[in-house]
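Here is the file protein20.txt (compact mmCIF, C-alpha atoms).
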# COMPACT_ATOMS: atom_id res chain seq x y z
CA VAL X 286 41.43 -10.23 -16.62
CA VAL X 287 39.31 -13.32 -17.20
CA ASN X 288 40.65 -14.90 -14.00
CA LEU X 289 39.94 -11.74 -11.99
CA LEU X 290 36.43 -11.55 -13.45
CA GLY X 291 35.80 -15.21 -12.57
CA ILE X 292 37.07 -14.70 -9.02
CA SER X 293 34.90 -11.57 -8.60
CA ILE X 294 31.78 -13.40 -9.78
CA THR X 295 32.55 -16.35 -7.48
CA VAL X 296 33.07 -14.05 -4.48
CA LEU X 297 29.87 -12.11 -5.26
CA PHE X 298 27.81 -15.30 -5.61
CA THR X 299 29.27 -16.68 -2.37
CA LEU X 300 28.39 -13.48 -0.50
CA LEU X 301 24.87 -13.58 -1.93
CA LEU X 302 24.48 -17.20 -0.92
CA VAL X 303 25.86 -16.81 2.62
CA PHE X 304 24.42 -13.43 3.62
CA ILE X 305 21.14 -13.26 1.69
CA ILE X 306 19.83 -16.48 0.13
CA VAL X 307 20.60 -18.92 2.98
CA PRO X 308 19.23 -16.56 5.70
CA ALA X 309 16.11 -16.10 3.53
CA ILE X 310 15.62 -19.87 3.34
CA PHE X 311 15.64 -20.19 7.13
CA GLY X 312 13.87 -16.89 7.80
CA VAL X 313 16.71 -15.32 9.80
CA SER X 314 18.53 -12.01 9.52
CA PHE X 315 22.05 -10.89 10.44
CA GLY X 316 20.83 -7.33 11.11
CA ILE X 317 22.78 -5.85 8.18
CA ARG X 318 19.70 -4.09 6.77
CA LYS X 319 18.93 -2.39 10.10
CA VAL X 320 22.48 -1.06 10.38
CA TYR X 321 22.15 0.13 6.77
CA MET X 322 18.84 1.87 7.63
CA LYS X 323 20.29 3.66 10.70
CA THR X 324 23.28 4.85 8.67
CA LEU X 325 20.98 6.24 5.97
CA LEU X 326 18.88 8.07 8.57
CA LYS X 327 21.93 9.91 9.90
CA ILE X 328 22.96 10.92 6.35
CA PHE X 329 19.40 12.13 5.58
CA GLN X 330 19.31 14.22 8.74
CA TRP X 331 22.64 15.85 7.87
CA ALA X 332 21.51 16.55 4.28
CA THR X 333 18.22 18.08 5.45
CA LEU X 334 19.97 20.33 7.98
CA ARG X 335 22.42 21.42 5.26
CA ILE X 336 19.50 22.29 2.94
CA GLU X 337 17.80 24.33 5.65
CA ARG X 338 21.01 26.19 6.47
CA GLY X 339 21.73 26.86 2.81
CA ALA X 340 18.19 28.09 2.20
CA LYS X 341 18.43 30.40 5.22
CA GLU X 342 21.72 31.86 3.98
CA LYS X 343 20.21 32.59 0.55
CA ASN X 344 16.81 33.71 1.92
CA HIS X 345 15.17 30.93 -0.05
CA PRO X 346 11.75 29.81 1.34
CA LEU X 347 11.47 26.08 1.88
CA TYR X 348 8.53 24.13 0.54
CA LYS X 349 6.57 22.55 3.37
CA PRO X 350 4.06 19.85 2.40
CA TYR X 351 0.62 20.04 3.97
CA VAL X 352 0.04 16.72 5.68
CA ASN X 353 -3.67 17.25 6.44
CA GLY X 354 -4.54 19.51 3.51
CA ILE X 355 -4.38 23.23 2.91
CA ILE X 356 -7.82 23.87 4.41
CA ALA X 357 -8.69 23.10 8.04
CA LYS X 358 -11.81 20.93 8.07
CA ASP X 359 -13.80 19.78 11.08
CA PRO X 360 -15.31 16.28 10.94
CA THR X 361 -18.92 17.51 11.06
CA SER X 362 -22.00 16.40 9.14
CA LEU X 363 -23.91 18.34 6.51
CA GLU X 364 -26.80 18.90 8.93
CA GLU X 365 -24.57 20.24 11.71
CA GLU X 366 -22.74 22.65 9.39
CA ILE X 367 -25.90 24.10 7.88
CA LYS X 368 -27.45 24.52 11.33
CA GLU X 369 -24.34 26.41 12.41
CA ILE X 370 -24.68 28.76 9.42
CA ARG X 371 -28.34 29.38 10.23
CA ARG X 372 -27.56 29.93 13.90
CA SER X 373 -24.87 32.51 13.13
CA GLY X 374 -27.18 34.32 10.73
CA SER X 375 -30.36 34.42 12.81
CA GLY X 376 -28.89 34.30 16.30
CA LYS X 377 -30.80 31.16 17.22
CA ALA X 378 -30.91 27.50 16.30
CA LEU X 379 -33.43 26.70 13.57
CA ASP X 380 -34.56 23.12 13.97
CA THR X 381 -37.79 23.47 12.02
CA PRO X 382 -37.72 21.92 8.54
CA GLU X 383 -37.56 24.81 6.08
CA PHE X 384 -35.38 26.27 3.37
CA GLU X 385 -33.04 29.13 4.24
CA LEU X 386 -31.28 31.30 1.69
CA SER X 387 -28.10 31.04 3.79
CA ASP X 388 -27.92 27.31 2.94
CA ILE X 389 -26.61 28.33 -0.48
CA PHE X 390 -23.44 29.70 1.12
CA TYR X 391 -22.67 26.27 2.58
CA PHE X 392 -22.75 24.55 -0.82
CA CYS X 393 -20.75 27.37 -2.43
CA ARG X 394 -18.07 27.09 0.25
CA LYS X 395 -17.91 23.29 -0.01
CA GLY X 396 -17.59 23.52 -3.79
CA ILE X 397 -14.72 26.01 -3.63
CA GLU X 398 -12.98 23.97 -0.90
CA THR X 399 -13.22 20.83 -3.05
CA ILE X 400 -11.70 22.59 -6.05
CA MET X 401 -8.80 23.97 -3.98
CA ASP X 402 -8.19 20.95 -1.75
CA ASP X 403 -9.62 17.75 -3.19
CA GLU X 404 -9.22 15.07 -0.52
CA VAL X 405 -9.65 12.27 -3.07
CA THR X 406 -7.40 13.21 -6.00
CA LYS X 407 -4.37 13.89 -3.79
CA ARG X 408 -4.55 10.26 -2.55
CA PHE X 409 -3.42 9.15 -6.01
CA SER X 410 -0.12 11.06 -6.08
CA ALA X 411 3.14 10.42 -4.23
CA GLU X 412 3.43 11.82 -0.72
CA GLU X 413 5.89 14.74 -0.50
CA LEU X 414 8.54 14.45 2.22
CA GLU X 415 9.54 17.09 4.75
CA SER X 416 13.14 15.83 4.73
CA TRP X 417 15.43 15.00 1.83
CA ASN X 418 16.47 11.38 1.30
CA LEU X 419 19.01 12.04 -1.50
CA LEU X 420 16.42 11.03 -4.12
CA SER X 421 15.81 14.14 -6.21
CA ARG X 422 12.37 12.81 -7.19
CA THR X 423 11.03 13.09 -3.63
CA ASN X 424 11.72 16.67 -2.56
CA TYR X 425 11.19 20.06 -4.19
CA ASN X 426 13.65 21.87 -1.90
CA PHE X 427 16.81 20.54 -3.52
CA HIS X 428 18.29 22.57 -6.36
CA TYR X 429 21.94 23.44 -5.81
CA ILE X 430 22.89 24.00 -2.19
CA SER X 431 26.59 23.20 -1.93
CA LEU X 432 29.32 21.20 -3.63
CA ARG X 433 29.47 18.65 -0.78
CA LEU X 434 25.74 17.98 -0.98
CA THR X 435 25.86 17.61 -4.76
CA VAL X 436 28.82 15.21 -4.53
CA LEU X 437 26.94 13.19 -1.89
CA TRP X 438 23.88 12.98 -4.15
CA GLY X 439 26.07 11.87 -7.10
CA LEU X 440 27.71 9.23 -4.94
CA GLY X 441 24.24 8.00 -3.98
CA VAL X 442 23.30 7.68 -7.65
CA LEU X 443 26.39 5.55 -8.31
CA ILE X 444 25.66 3.30 -5.31
CA ARG X 445 21.99 2.85 -6.20
CA TYR X 446 22.40 2.25 -9.94
CA CYS X 447 25.83 0.58 -10.15
CA PHE X 448 25.77 -1.59 -7.02
CA LEU X 449 22.29 -1.95 -5.52
CA LEU X 450 20.37 -2.26 -8.82
CA PRO X 451 22.43 -5.18 -10.28
CA LEU X 452 22.40 -6.91 -6.89
CA ARG X 453 18.62 -6.55 -6.57
CA ILE X 454 17.98 -7.71 -10.13
CA ALA X 455 20.10 -10.82 -9.45
CA LEU X 456 18.15 -11.54 -6.26
CA ALA X 457 14.78 -10.97 -7.95
CA PHE X 458 15.75 -13.29 -10.80
CA THR X 459 16.88 -15.90 -8.27
CA GLY X 460 13.66 -15.66 -6.25
CA ILE X 461 11.35 -15.85 -9.28
CA SER X 462 13.33 -18.72 -10.86
CA LEU X 463 13.23 -20.72 -7.63
CA LEU X 464 9.49 -20.01 -7.25
CA VAL X 465 8.67 -21.30 -10.75
CA THR X 466 11.00 -24.29 -10.49
CA GLY X 467 10.11 -25.20 -6.90
CA THR X 468 6.33 -24.97 -7.27
CA THR X 469 6.44 -26.91 -10.56
CA VAL X 470 8.39 -29.77 -8.95
CA VAL X 471 6.19 -29.79 -5.83
CA GLY X 472 3.11 -29.79 -8.06
CA TYR X 473 3.96 -33.31 -9.31
CA LEU X 474 3.87 -34.75 -5.77
CA PRO X 475 0.69 -36.50 -4.59
CA ASN X 476 -1.63 -34.45 -2.38
CA GLY X 477 -0.85 -34.80 1.31
CA ARG X 478 1.01 -33.31 4.22
CA CYS X 479 4.40 -33.67 2.52
CA LYS X 480 3.26 -31.66 -0.52
CA GLU X 481 1.65 -29.00 1.69
CA PHE X 482 4.78 -28.70 3.84
CA LEU X 483 7.12 -28.36 0.86
CA SER X 484 4.79 -25.95 -0.95
CA LYS X 485 4.60 -23.69 2.10
CA HIS X 486 8.35 -23.51 2.57
CA VAL X 487 9.08 -23.05 -1.15
CA HIS X 488 6.67 -20.09 -1.24
CA LEU X 489 8.07 -18.56 1.95
CA MET X 490 11.69 -19.00 0.82
CA CYS X 491 11.11 -17.41 -2.59
CA TYR X 492 9.08 -14.48 -1.25
CA ARG X 493 11.75 -13.78 1.37
CA ILE X 494 14.41 -13.68 -1.35
CA CYS X 495 12.22 -11.24 -3.33
CA VAL X 496 11.80 -9.11 -0.20
CA ARG X 497 15.59 -8.90 0.08
CA ALA X 498 15.70 -7.93 -3.60
CA LEU X 499 13.94 -4.71 -2.53
CA THR X 500 16.06 -4.32 0.63
CA ALA X 501 12.74 -4.41 2.48
CA ILE X 502 12.89 -3.88 6.24
CA ILE X 503 9.57 -5.12 7.65
CA THR X 504 8.34 -5.06 11.24
CA TYR X 505 5.48 -7.45 11.99
CA HIS X 506 3.24 -6.80 15.01
CA ASP X 507 0.78 -9.10 16.85
CA ARG X 508 1.68 -12.24 14.95
CA GLU X 509 -0.70 -14.27 17.11
CA ASN X 510 -3.51 -12.74 14.99
CA ARG X 511 -2.14 -14.04 11.69
CA PRO X 512 -4.85 -15.33 9.29
CA ARG X 513 -5.84 -18.97 9.60
CA ASN X 514 -7.22 -21.55 7.18
CA GLY X 515 -10.79 -21.02 6.01
CA GLY X 516 -10.64 -17.23 6.48
CA ILE X 517 -10.11 -14.11 4.38
CA CYS X 518 -7.18 -11.74 4.91
CA VAL X 519 -8.00 -8.16 3.87
CA ALA X 520 -5.48 -5.31 3.83
CA ASN X 521 -5.10 -1.74 2.60
CA HIS X 522 -3.45 -1.51 -0.82
CA THR X 523 -0.49 0.71 -1.69
CA SER X 524 1.63 -1.31 -4.08
CA PRO X 525 1.83 -4.65 -5.94
CA ILE X 526 4.58 -5.61 -3.48
CA ASP X 527 1.95 -5.72 -0.70
CA VAL X 528 1.56 -9.35 -1.72
CA ILE X 529 5.27 -10.07 -1.21
CA ILE X 530 5.32 -8.18 2.11
CA LEU X 531 2.53 -10.33 3.56
CA ALA X 532 3.42 -13.63 1.85
CA SER X 533 6.97 -13.54 3.24
CA ASP X 534 5.48 -13.99 6.73
CA GLY X 535 2.48 -16.20 5.97
CA TYR X 536 1.07 -18.76 3.56
CA TYR X 537 -1.87 -17.50 1.48
CA ALA X 538 -4.05 -18.46 -1.44
CA MET X 539 -3.90 -15.63 -3.96
CA VAL X 540 -6.89 -14.31 -5.89
CA GLY X 541 -6.48 -12.64 -9.25
CA GLN X 542 -6.98 -12.55 -12.98
CA VAL X 543 -5.14 -14.92 -15.29
CA HIS X 544 -2.28 -13.15 -17.09
CA GLY X 545 -0.04 -13.96 -19.99
CA GLY X 546 3.73 -13.68 -20.39
CA LEU X 547 6.04 -14.05 -17.40
CA MET X 548 3.21 -13.47 -14.91
CA GLY X 549 1.21 -16.25 -16.55
CA VAL X 550 4.15 -18.66 -16.24
CA ILE X 551 4.44 -17.84 -12.53
CA GLN X 552 0.68 -18.27 -11.98
CA ARG X 553 0.54 -21.64 -13.72
CA ALA X 554 3.49 -22.89 -11.69
CA MET X 555 2.09 -21.64 -8.36
CA VAL X 556 -1.36 -23.15 -8.83
CA LYS X 557 0.19 -26.62 -9.26
CA ALA X 558 1.55 -26.55 -5.71
CA CYS X 559 -1.13 -24.49 -3.96
CA PRO X 560 -4.90 -23.94 -4.50
CA HIS X 561 -4.74 -20.32 -5.65
CA VAL X 562 -7.91 -18.84 -7.19
CA TRP X 563 -7.27 -17.50 -10.69
CA PHE X 564 -10.08 -16.10 -12.86
CA GLU X 565 -10.29 -15.73 -16.62
CA ARG X 566 -10.88 -12.20 -17.91
CA SER X 567 -14.53 -13.02 -18.75
CA GLU X 568 -15.14 -14.54 -15.29
CA VAL X 569 -13.92 -11.48 -13.34
CA LYS X 570 -16.96 -9.46 -14.46
CA ASP X 571 -19.36 -12.12 -13.15
CA ARG X 572 -19.78 -11.20 -9.46
CA HIS X 573 -21.88 -14.27 -8.68
CA LEU X 574 -19.30 -16.64 -10.15
CA VAL X 575 -16.49 -14.93 -8.23
CA ALA X 576 -18.49 -15.09 -4.98
CA LYS X 577 -19.27 -18.77 -5.59
CA ARG X 578 -15.61 -19.70 -6.17
CA LEU X 579 -14.50 -17.79 -3.06
CA THR X 580 -17.29 -19.29 -0.93
CA GLU X 581 -16.33 -22.83 -1.99
CA HIS X 582 -12.73 -22.08 -1.03
CA VAL X 583 -13.38 -20.70 2.46
CA GLN X 584 -15.91 -23.43 3.31
CA ASP X 585 -13.07 -25.95 3.15
CA LYS X 586 -11.31 -25.28 6.47
CA SER X 587 -8.24 -27.16 5.29
CA LYS X 588 -7.56 -24.60 2.55
CA LEU X 589 -5.34 -21.55 2.99
CA PRO X 590 -6.70 -18.10 3.88
CA ILE X 591 -7.48 -15.95 0.86
CA LEU X 592 -5.53 -12.70 0.47
CA ILE X 593 -7.66 -9.83 -0.88
CA PHE X 594 -7.21 -6.06 -1.23
CA PRO X 595 -10.81 -4.75 -1.18
CA GLU X 596 -9.94 -1.18 -2.27
CA GLY X 597 -9.35 -2.49 -5.79
CA THR X 598 -6.63 0.07 -6.57
CA CYS X 599 -3.43 1.48 -5.06
CA ILE X 600 -3.73 4.43 -2.63
CA ASN X 601 -0.69 6.52 -1.59
CA ASN X 602 -0.51 5.10 1.96
CA THR X 603 -1.97 8.20 3.61
CA SER X 604 -5.54 6.89 3.72
CA VAL X 605 -7.88 3.93 3.27
CA MET X 606 -10.70 4.26 0.74
CA MET X 607 -13.97 2.37 0.29
CA PHE X 608 -13.82 -1.43 0.53
CA LYS X 609 -15.72 -3.34 -2.14
CA LYS X 610 -18.42 -5.38 -0.41
CA GLY X 611 -17.87 -8.62 -2.38
CA SER X 612 -15.24 -9.95 0.05
CA PHE X 613 -17.62 -9.43 2.98
CA GLU X 614 -20.70 -11.13 1.49
CA ILE X 615 -19.20 -14.60 1.84
CA GLY X 616 -19.72 -14.86 5.59
CA ALA X 617 -16.21 -16.10 6.40
CA THR X 618 -14.02 -14.87 9.25
CA VAL X 619 -12.13 -11.75 8.17
CA TYR X 620 -8.55 -11.13 9.34
CA PRO X 621 -7.75 -7.41 8.90
CA VAL X 622 -4.14 -6.36 8.26
CA ALA X 623 -2.81 -2.78 8.27
CA ILE X 624 0.29 -1.95 6.19
CA LYS X 625 2.09 1.36 6.66
CA TYR X 626 5.16 2.28 4.58
CA ASP X 627 7.84 4.76 5.64
CA PRO X 628 8.49 6.95 2.56
CA GLN X 629 11.82 8.29 3.90
CA PHE X 630 13.81 5.55 2.17
CA GLY X 631 11.66 5.01 -0.92
CA ASP X 632 8.04 5.55 -1.94
CA ALA X 633 6.25 2.23 -2.43
CA PHE X 634 3.09 3.78 -3.91
CA TRP X 635 2.32 2.73 -7.48
CA ASN X 636 0.71 5.52 -9.47
CA SER X 637 -0.54 3.21 -12.22
CA SER X 638 -2.01 6.08 -14.24
CA LYS X 639 1.45 7.68 -14.48
CA TYR X 640 3.98 4.81 -14.49
CA GLY X 641 3.95 1.41 -16.13
CA MET X 642 4.96 -1.70 -14.21
CA VAL X 643 8.52 -1.76 -15.60
CA THR X 644 9.13 1.92 -14.76
CA TYR X 645 7.64 1.42 -11.31
CA LEU X 646 9.84 -1.58 -10.54
CA LEU X 647 12.91 0.35 -11.74
CA ARG X 648 12.04 3.20 -9.35
CA MET X 649 11.58 0.70 -6.52
CA MET X 650 14.86 -1.07 -7.17
CA THR X 651 16.77 2.20 -7.36
CA SER X 652 15.40 3.47 -4.05
CA TRP X 653 17.43 3.12 -0.89
CA ALA X 654 15.11 0.62 0.76
CA ILE X 655 11.47 -0.25 1.43
CA VAL X 656 10.61 0.14 5.11
CA CYS X 657 7.17 -0.75 6.45
CA SER X 658 5.21 -1.97 9.47
CA VAL X 659 2.53 -4.66 9.37
CA TRP X 660 -0.13 -5.06 12.05
CA TYR X 661 -2.24 -8.23 12.31
CA LEU X 662 -5.58 -7.21 13.84
CA PRO X 663 -7.94 -9.54 15.77
CA PRO X 664 -10.33 -11.51 13.51
CA MET X 665 -13.74 -9.98 12.80
CA THR X 666 -17.07 -11.55 11.79
CA ARG X 667 -20.44 -10.28 10.63
CA GLN X 668 -22.81 -9.59 13.49
CA GLY X 669 -26.14 -11.33 12.91
CA SER X 670 -27.78 -10.30 9.66
CA THR X 671 -25.57 -7.24 9.17
CA VAL X 672 -25.44 -6.32 5.49
CA PRO X 673 -21.96 -6.25 3.89
CA PRO X 674 -21.34 -2.44 3.60
CA PRO X 675 -21.46 -1.72 7.39
CA PHE X 676 -19.25 -4.74 8.07
CA ALA X 677 -16.79 -3.65 5.38
CA ASN X 678 -16.73 -0.13 6.87
CA ARG X 679 -16.08 -1.56 10.34
CA VAL X 680 -13.10 -3.53 9.05
CA LYS X 681 -11.82 -0.52 7.09
CA SER X 682 -12.05 1.75 10.14
CA ALA X 683 -10.07 -0.74 12.24
CA ILE X 684 -7.29 -0.90 9.61
CA ALA X 685 -7.17 2.91 9.26
CA ARG X 686 -7.04 3.42 13.02
CA GLN X 687 -4.22 0.93 13.54
CA GLY X 688 -2.16 2.12 10.57
CA GLY X 689 -2.57 5.83 11.32
CA LEU X 690 -4.37 6.35 8.00
CA VAL X 691 -7.25 8.66 7.07
CA ASP X 692 -10.56 6.78 6.81
CA LEU X 693 -12.35 7.90 3.61
CA LEU X 694 -15.75 6.77 2.31
CA TRP X 695 -14.86 7.57 -1.32
CA ASP X 696 -14.49 4.80 -3.91
CA GLY X 697 -10.94 4.25 -5.15
CA GLY X 698 -12.46 3.82 -8.62
CA LEU X 699 -12.55 7.64 -8.79
CA LYS X 700 -8.92 7.32 -9.83
CA ARG X 701 -10.19 6.58 -13.34
CA GLU X 702 -13.96 7.21 -13.24
CA LYS X 703 -16.39 10.02 -12.48
CA VAL X 704 -18.32 10.30 -9.23
CA LYS X 705 -21.23 7.86 -9.19
CA ASP X 706 -24.75 9.27 -9.11
CA ALA X 707 -25.37 7.37 -5.87
CA PHE X 708 -22.93 9.64 -4.00
CA LYS X 709 -24.70 12.77 -5.28
CA GLU X 710 -28.14 11.35 -4.47
CA GLU X 711 -27.06 10.54 -0.93
CA GLN X 712 -26.19 14.20 -0.25
CA GLN X 713 -29.40 15.35 -1.94
CA LYS X 714 -31.46 13.04 0.27
CA LEU X 715 -29.74 14.32 3.42
CA TYR X 716 -30.51 17.92 2.50
CA SER X 717 -34.09 17.17 1.43
CA LYS X 718 -34.75 15.62 4.86
CA MET X 719 -33.64 18.87 6.46
CA ILE X 720 -36.01 21.12 4.49
CA VAL X 721 -38.96 18.68 4.27
CA GLY X 722 -38.56 16.70 7.48
CA ASN X 723 -38.32 12.97 8.13
Rendering of file as structure tokens:
Amino acid sequence: VVNLLGISITVLFTLLLVFIIVPAIFGVSFGIRKVYMKTLLKIFQWATLRIERGAKEKNHPLYKPYVNGIIAKDPTSLEEEIKEIRRSGSGKALDTPEFELSDIFYFCRKGIETIMDDEVTKRFSAEELESWNLLSRTNYNFHYISLRLTVLWGLGVLIRYCFLLPLRIALAFTGISLLVTGTTVVGYLPNGRCKEFLSKHVHLMCYRICVRALTAIITYHDRENRPRNGGICVANHTSPIDVIILASDGYYAMVGQVHGGLMGVIQRAMVKACPHVWFERSEVKDRHLVAKRLTEHVQDKSKLPILIFPEGTCINNTSVMMFKKGSFEIGATVYPVAIKYDPQFGDAFWNSSKYGMVTYLLRMMTSWAIVCSVWYLPPMTRQGSTVPPPFANRVKSAIARQGGLVDLLWDGGLKREKVKDAFKEEQQKLYSKMIVGN
């Protein structure tokens, strides 16, 4: 038994080394993950068809998620909508500044619509799938359809928890251990091209191993637009693994708060080999200090591009919410990046108000795979004396358009906070201009 166990461990380690770790070091792939993805797609299609047939036989209505909301909304302004209400009530357009009793109906309707179909709150919950991917947590249609389907789901549980999970944990442990060890050793080398070369390849190698620990299948587009030294890379934010997704294809300086525990060990090791920007808890609240540190970094054109997620919180990959203006006040070249995940194989969204980090990682590692597309957009700069908010909105719109995401003006901080008075005052000012005039 001991001999068989030793042989099994040796064979497993050899397979890991030959088919996963070595290809990750050189940045190549044997195409095994793509074959795996195509096989899963065929199984999902069969399972979904079986559910639909079973529901039809039992006269059971299927739940269909509303992709664009339960209420049809036209992208019109407050002024246009109120004018339309006045026009329909009086039979003519009323352009003169005055109050109309019919205006009340507009605000009543908008209030009821918001209660029934809040376009902000639903961005902080997992996206419901139209098809079933054999993960019972991602579809409301599955109860008990047939014995074959239930057996297939049970087989999937065994594969995900008894084979994929241990394999992924081993790979994640390998990647993190190599990152800490490699960056610590490189950190003792004198500054120069040799240290920079080794640091870059150690980071890339370890992140690629961690990507394989999630069975991530990533498609990168327009690589000629990848961020360059002295710039800022900004991207929409869905999950903590956004960092790994981007860093496995590029070399970035990270920005973040100093942590303790395992994360603190990793941060201290990384900063020895690469000029990452870590802030103490007290420093994060000082906007001027943060801006100063970032400005000093980007002014040195030999330093790596900074990777920032301006939304400040995770959104469920259906939309892009307001970008914090701090990243756009510096005046550096901004390299926008759009990330779009395919939830068919596993939902990458981190609902931090519902799941802790350990629970989230367990859900990720017991999913079938993480599939996503990354688009590198052309660099953008501030035009003249443009103030930061319009520039940030321009970058956000470009990311939303490329990633097929909904462009929202709301602050992602609404995930935990109430609506700011500034948002209410803005609508009040718009309406007051209509009844008083400009």
Might you pull out every residue within 9 Å of Trp563 in chain X, with only C-alpha atoms counted and same-chain residues fewer than 3 positions away left off, and present them as JSON, numbers by chain?
-> {"X": [539, 540, 541, 542, 543, 552, 556]}
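Among the candidates X:Ile397, X:Ala617, X:Ala685, X:Ile517, the residue lying nearest to Asn602 in chain X is X:Ala685 (atoms considered: only C-alpha atoms).
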Tell me, as an NGL selection string, which residues lie within 8 Å of range 658-665 of chain X, counting all atoms listed in the file; anything in the same chain fewer than 3 positions away does not count.
-> :X and (503-512 or 618-626 or 680 or 684 or 687-688)
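Across the structure, CA of His544 in chain X and CA of Ala558 in chain X are spaced 18.0 Å apart.
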Choose the residue, out of X:Ala683, X:Leu437, X:Val496, X:Ile461, that has the smallest atom-to-atom separation from Met650 in chain X; count all atoms listed in the file.
-> X:Val496
Nearest to Ile306 in chain X: which of X:Ser652, X:Thr466, X:Thr459, X:Gln668 is it, counting only C-alpha atoms?
->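 Nearest candidate to Ile306 in chain X out of X:Ser652, X:Thr466, X:Thr459, X:Gln668: X:Thr459.
CA of Gly516 in chain X lies 26.5 Å from CA of Phe311 in chain X.
Comparing X:Tyr537, X:Trp635, X:Phe458, X:Tyr446 by their smallest distance to His488 in chain X, the closest is X:Tyr537 (using all atoms listed in the file).
A straight line drawn from CA of Cys491 in chain X to CA of Gly549 in chain X is 17.2 Å long.
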Shortest interatomic distance to Val550 in chain X - which of X:Pro595, X:Ile720, X:Ser462, X:Lys327, counting only C-alpha atoms =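 Among the listed residues, the smallest separation from Val550 in chain X belongs to X:Ser462.
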Write out as a PyMOL selection string each polymer residue whose atoms come within 12 Å of Arg497 in chain X, counting all atoms listed in the file; drop sequence neighbours fewer than 2 positions from it.
-> chain X and resi 301+304-310+312-314+317-318+449+452-460+490-495+499-503+529-530+533+650+654-656
To box range 647-650 of chain X, take all atoms listed in the file, fit an axis-aligned box, add 6 Å on each side, and give centre and edge lengths in Å to one decimal, as lines of an AutoDock Vina configuration file.
center_x = 13.2
center_y = 1.1
center_z = -9.1
size_x = 15.3
size_y = 16.3
size_z = 17.2
Do you know which residues are at most 9 Å from Phe384 in chain X counting only C-alpha atoms, after dropping those on the same chain fewer than 3 positions away, and could you put them as a list in words?
->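 Skipping anything fewer than 3 positions along the chain leaves Ser387, Asp388, Met719, Ile720 and Val721 of chain X.
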Which residues come within 9 Å of range 323-325 of chain X, counting only C-alpha atoms, excluding same-chain residues fewer than 5 positions away, as a short mmCIF file (atom, residue, chain, number, x, y, z; two decimals) with C-alpha atoms, in the frame of the given file?
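Resulting contents of part.cif:
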data_model
loop_
_atom_site.label_atom_id
_atom_site.label_comp_id
_atom_site.auth_asym_id
_atom_site.auth_seq_id
_atom_site.Cartn_x
_atom_site.Cartn_y
_atom_site.Cartn_z
CA ARG X 318 19.70 -4.09 6.77
CA GLN X 330 19.31 14.22 8.74
CA ASN X 418 16.47 11.38 1.30
CA PHE X 630 13.81 5.55 2.17
CA TRP X 653 17.43 3.12 -0.89
#
Can you patch up range 290-298 of chain X, filling it in to N, CA, C and O atoms, and show the result as a tab-separated table (two decimals), in the coordinates of the input?
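Final output, saved to out16.tsv:
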chain	number	residue	atom	x	y	z
X	290	LEU	N	37.88	-11.63	-13.29
X	290	LEU	CA	36.43	-11.55	-13.45
X	290	LEU	C	35.75	-12.79	-12.87
X	290	LEU	O	34.73	-12.70	-12.18
X	291	GLY	N	36.36	-13.98	-13.11
X	291	GLY	CA	35.80	-15.21	-12.57
X	291	GLY	C	35.83	-15.22	-11.06
X	291	GLY	O	34.86	-15.65	-10.41
X	292	ILE	N	36.95	-14.75	-10.49
X	292	ILE	CA	37.07	-14.70	-9.02
X	292	ILE	C	36.04	-13.73	-8.43
X	292	ILE	O	35.41	-14.02	-7.41
X	293	SER	N	35.86	-12.58	-9.09
X	293	SER	CA	34.90	-11.57	-8.60
X	293	SER	C	33.48	-12.13	-8.60
X	293	SER	O	32.73	-11.95	-7.63
X	294	ILE	N	33.12	-12.82	-9.70
X	294	ILE	CA	31.78	-13.40	-9.78
X	294	ILE	C	31.59	-14.47	-8.71
X	294	ILE	O	30.53	-14.55	-8.07
X	295	THR	N	32.63	-15.30	-8.50
X	295	THR	CA	32.55	-16.35	-7.48
X	295	THR	C	32.38	-15.75	-6.08
X	295	THR	O	31.55	-16.22	-5.28
X	296	VAL	N	33.17	-14.71	-5.79
X	296	VAL	CA	33.07	-14.05	-4.48
X	296	VAL	C	31.69	-13.43	-4.29
X	296	VAL	O	31.07	-13.57	-3.23
X	297	LEU	N	31.18	-12.75	-5.35
X	297	LEU	CA	29.87	-12.11	-5.26
X	297	LEU	C	28.77	-13.15	-5.03
X	297	LEU	O	27.89	-12.97	-4.17
X	298	PHE	N	28.82	-14.25	-5.77
X	298	PHE	CA	27.81	-15.30	-5.61
X	298	PHE	C	27.89	-15.92	-4.21
X	298	PHE	O	26.86	-16.21	-3.59
